[in-house]
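Q: So here's data-v4.csv (CSV, C-alpha atoms and all ligand atoms).
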```
chain,number,residue,atom,x,y,z
Z,1330,MET,CA,-42.6,52.0,-33.7
Z,1331,THR,CA,-42.4,51.2,-37.3
Z,1332,GLN,CA,-39.4,49.7,-39.0
Z,1333,GLY,CA,-38.2,51.8,-41.9
Z,1334,GLY,CA,-41.8,52.6,-42.9
Z,1335,SER,CA,-42.6,48.9,-43.4
Z,1336,ASP,CA,-45.8,49.4,-41.4
Z,1337,ALA,CA,-47.1,52.1,-43.6
Z,1338,GLY,CA,-49.7,50.1,-45.4
Z,1339,PRO,CA,-50.7,47.0,-47.4
Z,1340,SER,CA,-47.8,45.4,-49.1
Z,1341,ARG,CA,-50.1,43.4,-51.5
Z,1342,SER,CA,-53.2,44.5,-53.1
Z,1343,SER,CA,-54.3,41.2,-54.8
Z,1344,THR,CA,-57.7,40.0,-54.0
Z,1345,ALA,CA,-57.3,36.6,-55.6
Z,1346,HIS,CA,-58.2,34.1,-52.9
Z,1347,ASP,CA,-55.2,31.9,-53.6
Z,1348,GLU,CA,-52.9,34.9,-52.9
Z,1349,SER,CA,-54.6,36.6,-50.1
Z,1350,VAL,CA,-53.2,36.7,-46.5
Z,1351,ARG,CA,-55.4,34.5,-44.3
Z,1352,LEU,CA,-53.7,34.0,-40.9
Z,1353,LEU,CA,-54.7,32.6,-37.6
Z,1354,LEU,CA,-52.9,33.6,-34.5
Z,1355,ILE,CA,-52.8,31.0,-31.7
Z,1356,GLY,CA,-51.4,32.2,-28.4
Z,1357,PRO,CA,-52.2,32.3,-24.7
Z,1358,PRO,CA,-53.8,35.2,-23.0
Z,1359,GLY,CA,-51.1,37.9,-22.6
Z,1360,SER,CA,-49.0,36.6,-25.5
Z,1361,GLY,CA,-49.7,39.8,-27.5
Z,1362,LYS,CA,-51.9,38.3,-30.2
Z,1363,GLY,CA,-54.3,41.3,-30.1
Z,1364,THR,CA,-51.5,43.8,-30.6
Z,1365,GLN,CA,-49.7,41.8,-33.2
Z,1366,GLY,CA,-53.0,40.8,-34.9
Z,1367,LYS,CA,-54.0,44.4,-35.4
Z,1368,ARG,CA,-50.5,45.3,-36.7
Z,1369,LEU,CA,-50.4,42.4,-39.1
Z,1370,ALA,CA,-53.9,43.2,-40.4
Z,1371,GLN,CA,-53.0,46.8,-41.0
Z,1372,HIS,CA,-49.7,45.9,-42.7
Z,1373,TYR,CA,-51.2,43.3,-45.1
Z,1374,GLY,CA,-54.4,45.3,-45.7
Z,1375,VAL,CA,-56.7,42.7,-44.4
Z,1376,GLU,CA,-59.3,42.5,-41.7
Z,1377,HIS,CA,-58.5,41.8,-38.1
Z,1378,ILE,CA,-61.1,39.6,-36.6
Z,1379,SER,CA,-60.9,39.1,-32.9
Z,1380,ALA,CA,-63.4,36.7,-31.4
Z,1381,GLY,CA,-62.9,38.2,-27.9
Z,1382,ASP,CA,-63.4,41.8,-29.2
Z,1383,LEU,CA,-66.6,40.8,-31.0
Z,1384,LEU,CA,-67.9,38.9,-28.0
Z,1385,ARG,CA,-67.1,41.9,-25.7
Z,1386,HIS,CA,-69.0,44.2,-28.0
Z,1387,GLU,CA,-72.0,41.9,-27.9
Z,1388,VAL,CA,-71.8,41.9,-24.1
Z,1389,GLU,CA,-71.5,45.7,-23.9
Z,1390,THR,CA,-74.5,46.2,-26.2
Z,1391,LYS,CA,-76.5,43.6,-24.3
Z,1392,SER,CA,-77.4,41.8,-27.5
Z,1393,ASP,CA,-79.0,38.3,-27.4
Z,1394,ILE,CA,-75.6,36.7,-28.1
Z,1395,GLY,CA,-73.9,39.0,-25.5
Z,1396,ARG,CA,-76.4,37.9,-22.8
Z,1397,ARG,CA,-75.9,34.3,-23.5
Z,1398,ALA,CA,-72.1,34.6,-23.7
Z,1399,SER,CA,-71.4,36.8,-20.7
Z,1400,ASP,CA,-71.5,34.2,-17.9
Z,1401,TYR,CA,-68.9,32.1,-19.7
Z,1402,MET,CA,-66.6,35.0,-20.3
Z,1403,GLU,CA,-66.9,36.2,-16.7
Z,1404,GLN,CA,-65.7,32.7,-15.6
Z,1405,GLY,CA,-62.9,32.6,-18.2
Z,1406,GLU,CA,-64.6,29.6,-19.9
Z,1407,LEU,CA,-65.1,29.2,-23.6
Z,1408,VAL,CA,-68.4,30.5,-25.0
Z,1409,PRO,CA,-70.4,27.7,-26.6
Z,1410,ASP,CA,-69.3,27.0,-30.2
Z,1411,GLY,CA,-72.6,27.7,-31.7
Z,1412,LEU,CA,-72.7,31.3,-30.4
Z,1413,VAL,CA,-69.2,32.1,-31.5
Z,1414,TYR,CA,-69.7,30.4,-34.8
Z,1415,ASP,CA,-72.8,32.5,-35.6
Z,1416,LEU,CA,-71.1,35.7,-34.6
Z,1417,VAL,CA,-67.7,35.2,-36.2
Z,1418,MET,CA,-68.0,33.0,-39.2
Z,1419,PRO,CA,-70.0,35.4,-41.4
Z,1420,LYS,CA,-67.2,37.9,-40.9
Z,1421,VAL,CA,-64.5,35.4,-41.7
Z,1422,LEU,CA,-66.2,34.4,-44.9
Z,1423,ALA,CA,-66.8,38.0,-46.0
Z,1424,ALA,CA,-63.2,39.0,-45.2
Z,1425,GLY,CA,-61.9,35.9,-47.0
Z,1426,LYS,CA,-63.8,36.7,-50.1
Z,1427,ALA,CA,-62.6,40.3,-49.9
Z,1428,ASN,CA,-58.9,40.9,-49.1
Z,1429,GLY,CA,-58.2,38.3,-46.5
Z,1430,TYR,CA,-58.0,38.2,-42.7
Z,1431,VAL,CA,-56.0,37.9,-39.5
Z,1432,LEU,CA,-58.0,35.7,-37.0
Z,1433,ASP,CA,-57.3,36.3,-33.3
Z,1434,GLY,CA,-58.9,33.7,-31.0
Z,1435,PHE,CA,-61.0,31.8,-33.5
Z,1436,PRO,CA,-60.8,28.8,-34.1
Z,1437,ARG,CA,-59.7,28.3,-30.5
Z,1438,SER,CA,-60.3,24.6,-30.2
Z,1439,VAL,CA,-59.9,21.7,-32.6
Z,1440,GLY,CA,-63.7,21.3,-32.6
Z,1441,GLN,CA,-64.1,24.8,-33.9
Z,1442,ALA,CA,-61.3,24.3,-36.4
Z,1443,GLU,CA,-63.0,21.1,-37.7
Z,1444,GLU,CA,-66.3,22.8,-37.9
Z,1445,CYS,CA,-65.3,25.8,-39.9
Z,1446,ARG,CA,-62.8,24.1,-42.2
Z,1447,PRO,CA,-65.2,22.6,-44.7
Z,1448,VAL,CA,-67.3,25.8,-44.8
Z,1449,LEU,CA,-64.2,28.0,-45.5
Z,1450,ASP,CA,-62.8,25.4,-47.9
Z,1451,LYS,CA,-66.0,25.5,-49.9
Z,1452,ASP,CA,-65.4,29.2,-50.7
Z,1453,ASP,CA,-61.7,28.7,-51.0
Z,1454,VAL,CA,-61.0,31.0,-48.1
Z,1455,ALA,CA,-59.6,28.7,-45.4
Z,1456,VAL,CA,-56.7,29.6,-43.1
Z,1457,ARG,CA,-53.4,29.5,-45.0
Z,1458,LEU,CA,-51.0,30.0,-42.1
Z,1459,ALA,CA,-51.4,29.4,-38.4
Z,1460,VAL,CA,-48.9,31.2,-36.2
Z,1461,HIS,CA,-48.2,29.9,-32.8
Z,1462,LEU,CA,-47.1,32.8,-30.5
Z,1463,ASP,CA,-45.0,30.9,-28.1
Z,1464,ALA,CA,-44.7,32.6,-24.7
Z,1465,ILE,CA,-43.1,31.7,-21.4
Z,1466,PRO,CA,-45.9,30.7,-19.1
Z,1467,ASP,CA,-44.5,32.5,-16.1
Z,1468,ASP,CA,-44.5,35.8,-18.0
Z,1469,LEU,CA,-48.2,35.8,-18.7
Z,1470,MET,CA,-49.8,36.4,-15.3
Z,1471,PRO,CA,-47.7,39.5,-14.5
Z,1472,ARG,CA,-48.3,40.9,-18.0
Z,1473,LEU,CA,-52.1,40.3,-17.7
Z,1474,LEU,CA,-52.3,41.8,-14.3
Z,1475,ASP,CA,-50.4,44.8,-15.6
Z,1476,ARG,CA,-52.8,45.2,-18.5
Z,1477,ALA,CA,-55.7,44.8,-16.0
Z,1478,ARG,CA,-54.6,47.9,-14.2
Z,1479,SER,CA,-54.5,50.0,-17.4
Z,1480,GLU,CA,-57.4,48.5,-19.4
Z,1481,GLY,CA,-59.6,47.0,-16.7
Z,1482,ARG,CA,-61.2,44.3,-18.8
Z,1483,PHE,CA,-64.0,42.6,-16.8
Z,1484,ASP,CA,-62.3,39.2,-17.2
Z,1485,ASP,CA,-58.8,40.3,-16.0
Z,1486,THR,CA,-59.1,39.4,-12.3
Z,1487,PRO,CA,-56.4,37.0,-11.1
Z,1488,GLU,CA,-58.9,34.1,-10.7
Z,1489,VAL,CA,-60.4,34.5,-14.2
Z,1490,ILE,CA,-57.0,35.0,-15.7
Z,1491,ARG,CA,-55.9,31.7,-14.2
Z,1492,ALA,CA,-59.0,30.0,-15.6
Z,1493,ARG,CA,-58.4,31.5,-19.1
Z,1494,LEU,CA,-54.8,30.3,-19.0
Z,1495,ASP,CA,-56.0,26.8,-18.0
Z,1496,VAL,CA,-58.6,26.7,-20.7
Z,1497,PHE,CA,-55.9,27.7,-23.3
Z,1498,ASN,CA,-53.5,25.0,-22.1
Z,1499,ASP,CA,-56.3,22.4,-22.2
Z,1500,GLU,CA,-57.2,23.3,-25.8
Z,1501,VAL,CA,-54.0,24.3,-27.5
Z,1502,GLU,CA,-52.2,21.0,-28.3
Z,1503,PRO,CA,-54.9,19.4,-30.4
Z,1504,LEU,CA,-55.4,22.8,-32.1
Z,1505,LEU,CA,-51.7,23.1,-33.0
Z,1506,ASP,CA,-51.8,19.5,-34.2
Z,1507,PHE,CA,-54.7,20.3,-36.5
Z,1508,TYR,CA,-52.6,22.9,-38.4
Z,1509,ARG,CA,-49.3,21.1,-38.0
Z,1510,ASP,CA,-50.7,18.0,-39.7
Z,1511,ARG,CA,-51.7,20.2,-42.6
Z,1512,GLY,CA,-48.3,21.8,-42.9
Z,1513,LEU,CA,-49.7,25.2,-42.0
Z,1514,LEU,CA,-48.1,25.9,-38.6
Z,1515,VAL,CA,-45.2,28.2,-37.9
Z,1516,LEU,CA,-43.8,29.0,-34.5
Z,1517,VAL,CA,-42.9,32.5,-33.4
Z,1518,ASP,CA,-41.1,33.4,-30.2
Z,1519,ALA,CA,-43.4,35.8,-28.4
Z,1520,THR,CA,-41.1,36.5,-25.4
Z,1521,GLY,CA,-39.4,39.6,-26.6
Z,1522,ALA,CA,-40.4,43.2,-26.9
Z,1523,PRO,CA,-43.4,43.9,-29.2
Z,1524,ASP,CA,-41.2,45.3,-32.1
Z,1525,HIS,CA,-39.0,42.2,-31.9
Z,1526,VAL,CA,-41.9,39.9,-32.1
Z,1527,TRP,CA,-43.4,41.9,-34.9
Z,1528,ALA,CA,-40.1,41.6,-36.9
Z,1529,GLN,CA,-40.1,37.8,-36.5
Z,1530,LEU,CA,-43.8,37.6,-37.4
Z,1531,GLN,CA,-43.2,39.4,-40.7
Z,1532,VAL,CA,-40.4,37.0,-41.6
Z,1533,ALA,CA,-42.6,34.0,-40.7
Z,1534,VAL,CA,-45.5,35.4,-42.7
Z,1535,ASP,CA,-43.6,36.7,-45.7
Z,1536,GLY,CA,-41.7,33.4,-45.9
Z,1537,ARG,CA,-44.9,31.4,-46.1
Z,1538,GLN,CA,-47.5,33.6,-47.8
Z,1539,PRO,CA,-48.6,33.5,-50.5
Z,1540,ARG,CA,-47.6,30.1,-51.7
Z,1541,THR,CA,-49.6,28.0,-54.0
Z,1542,ASP,CA,-48.0,24.7,-52.8
Z,1543,LEU,CA,-49.6,24.9,-49.3
Z,1544,ARG,CA,-52.9,23.2,-48.9
Z,1545,SER,CA,-55.5,25.2,-47.1
Z,1546,GLY,CA,-56.6,23.8,-43.7
L,1,LIG,P1,-57.7,36.1,-24.0
L,1,LIG,O1,-57.0,35.3,-25.1
L,1,LIG,O2,-56.8,37.0,-23.3
L,1,LIG,O3,-58.4,35.1,-23.0
L,1,LIG,P2,-59.9,36.9,-25.8
L,1,LIG,O4,-60.3,38.3,-26.0
L,1,LIG,O5,-59.3,36.2,-26.9
L,1,LIG,O6,-58.8,37.0,-24.6
L,1,LIG,O7,-61.1,36.1,-25.2
L,1,LIG,C1,-61.8,36.5,-24.1
L,1,LIG,C2,-62.9,35.5,-23.8
L,1,LIG,O8,-63.8,35.4,-24.9
L,1,LIG,C3,-62.5,34.1,-23.6
L,1,LIG,O9,-62.1,33.8,-22.2
L,1,LIG,C4,-63.8,33.3,-23.9
L,1,LIG,O10,-64.7,33.4,-22.9
L,1,LIG,C5,-64.3,34.1,-25.1
L,1,LIG,N1,-63.9,33.6,-26.4
L,1,LIG,C6,-63.0,34.2,-27.2
L,1,LIG,N2,-62.8,33.5,-28.4
L,1,LIG,C7,-63.6,32.4,-28.2
L,1,LIG,C8,-63.8,31.2,-29.0
L,1,LIG,N3,-63.2,31.1,-30.2
L,1,LIG,N4,-64.6,30.3,-28.5
L,1,LIG,C9,-65.2,30.4,-27.3
L,1,LIG,N5,-65.0,31.4,-26.5
L,1,LIG,C10,-64.2,32.4,-26.9
```
Please go through the file and, once you have read it, give me the structure as structure tokens.
Ligand code: ADP
A:
Amino acid sequence: MTQGGSDAGPSRSSTAHDESVRLLLIGPPGSGKGTQGKRLAQHYGVEHISAGDLLRHEVETKSDIGRRASDYMEQGELVPDGLVYDLVMPKVLAAGKANGYVLDGFPRSVGQAEECRPVLDKDDVAVRLAVHLDAIPDDLMPRLLDRARSEGRFDDTPEVIRARLDVFNDEVEPLLDFYRDRGLLVLVDATGAPDHVWAQLQVAVDGRQPRTDLRSG
């Protein structure tokens, strides 16, 4: 559902790097980052780059990257940084140099954030705002099991969901600190209905982007 037509299209058309929307969504599996990421990207006229979607495509097409990534994904573990980096970074750089991006699931660890920061900074296309989608842990498993019934993702079994939630919990605090330390982190309550979360996201993003007094991270 759109809100008064606000979802109709890009609200900014600038391609200047210092004004473009460059967002990272950080949230646990089941927090809605895929849904909200697509909506944000459409709304701001930028590219939605989902590391998980890109990896699943590689697995489905049985590419070299897909073959090397699939075991990790089937266990709910993180795919090795080098594989993800080679797959995702060219897309992030290209989108950054074009209109901007909404990143969903990359960087996913502080190691990944540290590795890509200087490369993105060099082209002046680093993340300008990291949004922490804050969910209630007990809500996530039922939501994901529900989604498993309708979508049937290969990594949506109860055991693998548990592993993905554990991996997220292990990685998230240092990742949040990385962006918090740079003044780039905002928190959005992800517990409500999708339209409610969307409304809050827009407030958070519009309130913080674009601003020239924020340092890129
Ligand atoms: P979810 O957030 O629900 O776990 P994603 O689609 O974001 O779903 O990720 C699915 C899987 O893809 C992860 O469990 C992991 O194996 C892999 N993956 C996604 N993003 C990354 C990343 N940045 N680094 C390493 N592995 C990743």
Q: Contacts of Z:Phe1435 at 9 Å or less, counting all atoms listed in the file, minus same-chain residues fewer than 4 places along, as a ChimeraX atom specification?
A: /Z:1353-1355,1378-1381,1413-1414,1417,1441-1442
Q: For C-alpha atoms, I'd like the residues from the last selection saved as a compact mmCIF listing (two decimals), in the coordinates of the input.
A:
```txt
# COMPACT_ATOMS: atom_id res chain seq x y z
CA LEU Z 1353 -54.70 32.60 -37.60
CA LEU Z 1354 -52.90 33.60 -34.50
CA ILE Z 1355 -52.80 31.00 -31.70
CA ILE Z 1378 -61.10 39.60 -36.60
CA SER Z 1379 -60.90 39.10 -32.90
CA ALA Z 1380 -63.40 36.70 -31.40
CA GLY Z 1381 -62.90 38.20 -27.90
CA VAL Z 1413 -69.20 32.10 -31.50
CA TYR Z 1414 -69.70 30.40 -34.80
CA VAL Z 1417 -67.70 35.20 -36.20
CA GLN Z 1441 -64.10 24.80 -33.90
CA ALA Z 1442 -61.30 24.30 -36.40
```
Q: Could you work out how far atom CA of Z:Val1532 lies from atom CA of Z:Asp1452, giving the answer in Å with one decimal?
A: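 So the answer is 27.7 Å.
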Q: Scan for residues within 12 Å of the point (-37.6, 28.3, -31.7) in the coordinates of the file, using only C-alpha atoms, and reply as a ChimeraX atom specification.
A: /Z:1461-1464,1515-1520,1529,1533
Q: Could you work out how far atom CA of Z:Arg1351 lies from atom CA of Z:Ser1399, giving the answer in Å with one decimal?
A: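 These two atoms are separated by 28.6 Å.
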Q: What's around Z:Leu1383 at 12 Å? Count only C-alpha atoms, leave out sequence neighbours fewer than 4 positions away in its own chain, and write the answer as a PyMOL selection string.
A: chain Z and resi 1377-1379+1387-1390+1392+1394-1395+1398+1412-1418+1420+1432-1435
Q: Restricting the calculation to only C-alpha atoms and all ligand atoms: of Z:Ser1349, Z:Asn1498, Z:Gln1531, Z:Ser1479, which residue gets closest to ligand LIG 1 (chain L)?
A: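 Counting only C-alpha atoms and all ligand atoms, the residue closest to ligand LIG 1 (chain L) is Z:Asn1498.
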Q: Which residue, Z:Leu1352, Z:Ile1465, Z:Val1448, Z:Val1460, has the smallest gap to Z:Tyr1373 when you use only C-alpha atoms?
A: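 Going through Z:Leu1352, Z:Ile1465, Z:Val1448, Z:Val1460 one by one, the smallest distance to Z:Tyr1373 is for Z:Leu1352.
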Q: Go through Z:Gly1411, Z:Asp1499, Z:Tyr1430, Z:Glu1348 one by one, measure the shortest atom-to-atom distance of each to Z:His1372 using only C-alpha atoms, and give the residue with the smallest value.
A: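 Of the candidates, the smallest distance to Z:His1372 is held by Z:Tyr1430.
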Q: In Å, how far is it from atom CA of Z:Thr1486 to atom CA of Z:Ser1360?
A: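 Result for atom CA of Z:Thr1486 versus atom CA of Z:Ser1360: 16.9 Å, one decimal.
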Q: First collect every listed atom of ligand LIG 1 (chain L); then fit an axis-aligned box around them, widen it by 8 Å on each side, and give centre and edge lengths in Å to one decimal, as AutoDock Vina command-line options.
A:
```
--center_x -61.0 --center_y 34.3 --center_z -26.2 --size_x 24.4 --size_y 24.0 --size_z 24.0
```
Q: Could you check which of Z:Val1534, Z:Cys1445, Z:Leu1473, Z:Leu1504 is closest to Z:Val1421, using only C-alpha atoms?
A: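 Going through Z:Val1534, Z:Cys1445, Z:Leu1473, Z:Leu1504 one by one, the smallest distance to Z:Val1421 is for Z:Cys1445.
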Q: Which one is closest to Z:Met1402: Z:Val1489, Z:Leu1458, Z:Asp1453, Z:Asp1475? Count all atoms listed in the file.
A: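 Ranked by minimum distance to Z:Met1402, first place goes to Z:Val1489.
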Q: Could you check which of Z:Ala1528, Z:Ala1370, Z:Val1408, Z:Leu1474 is closest to ligand LIG 1 (chain L), using only C-alpha atoms and all ligand atoms?
A: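 Distance minimum relative to ligand LIG 1 (chain L) lands on Z:Val1408.
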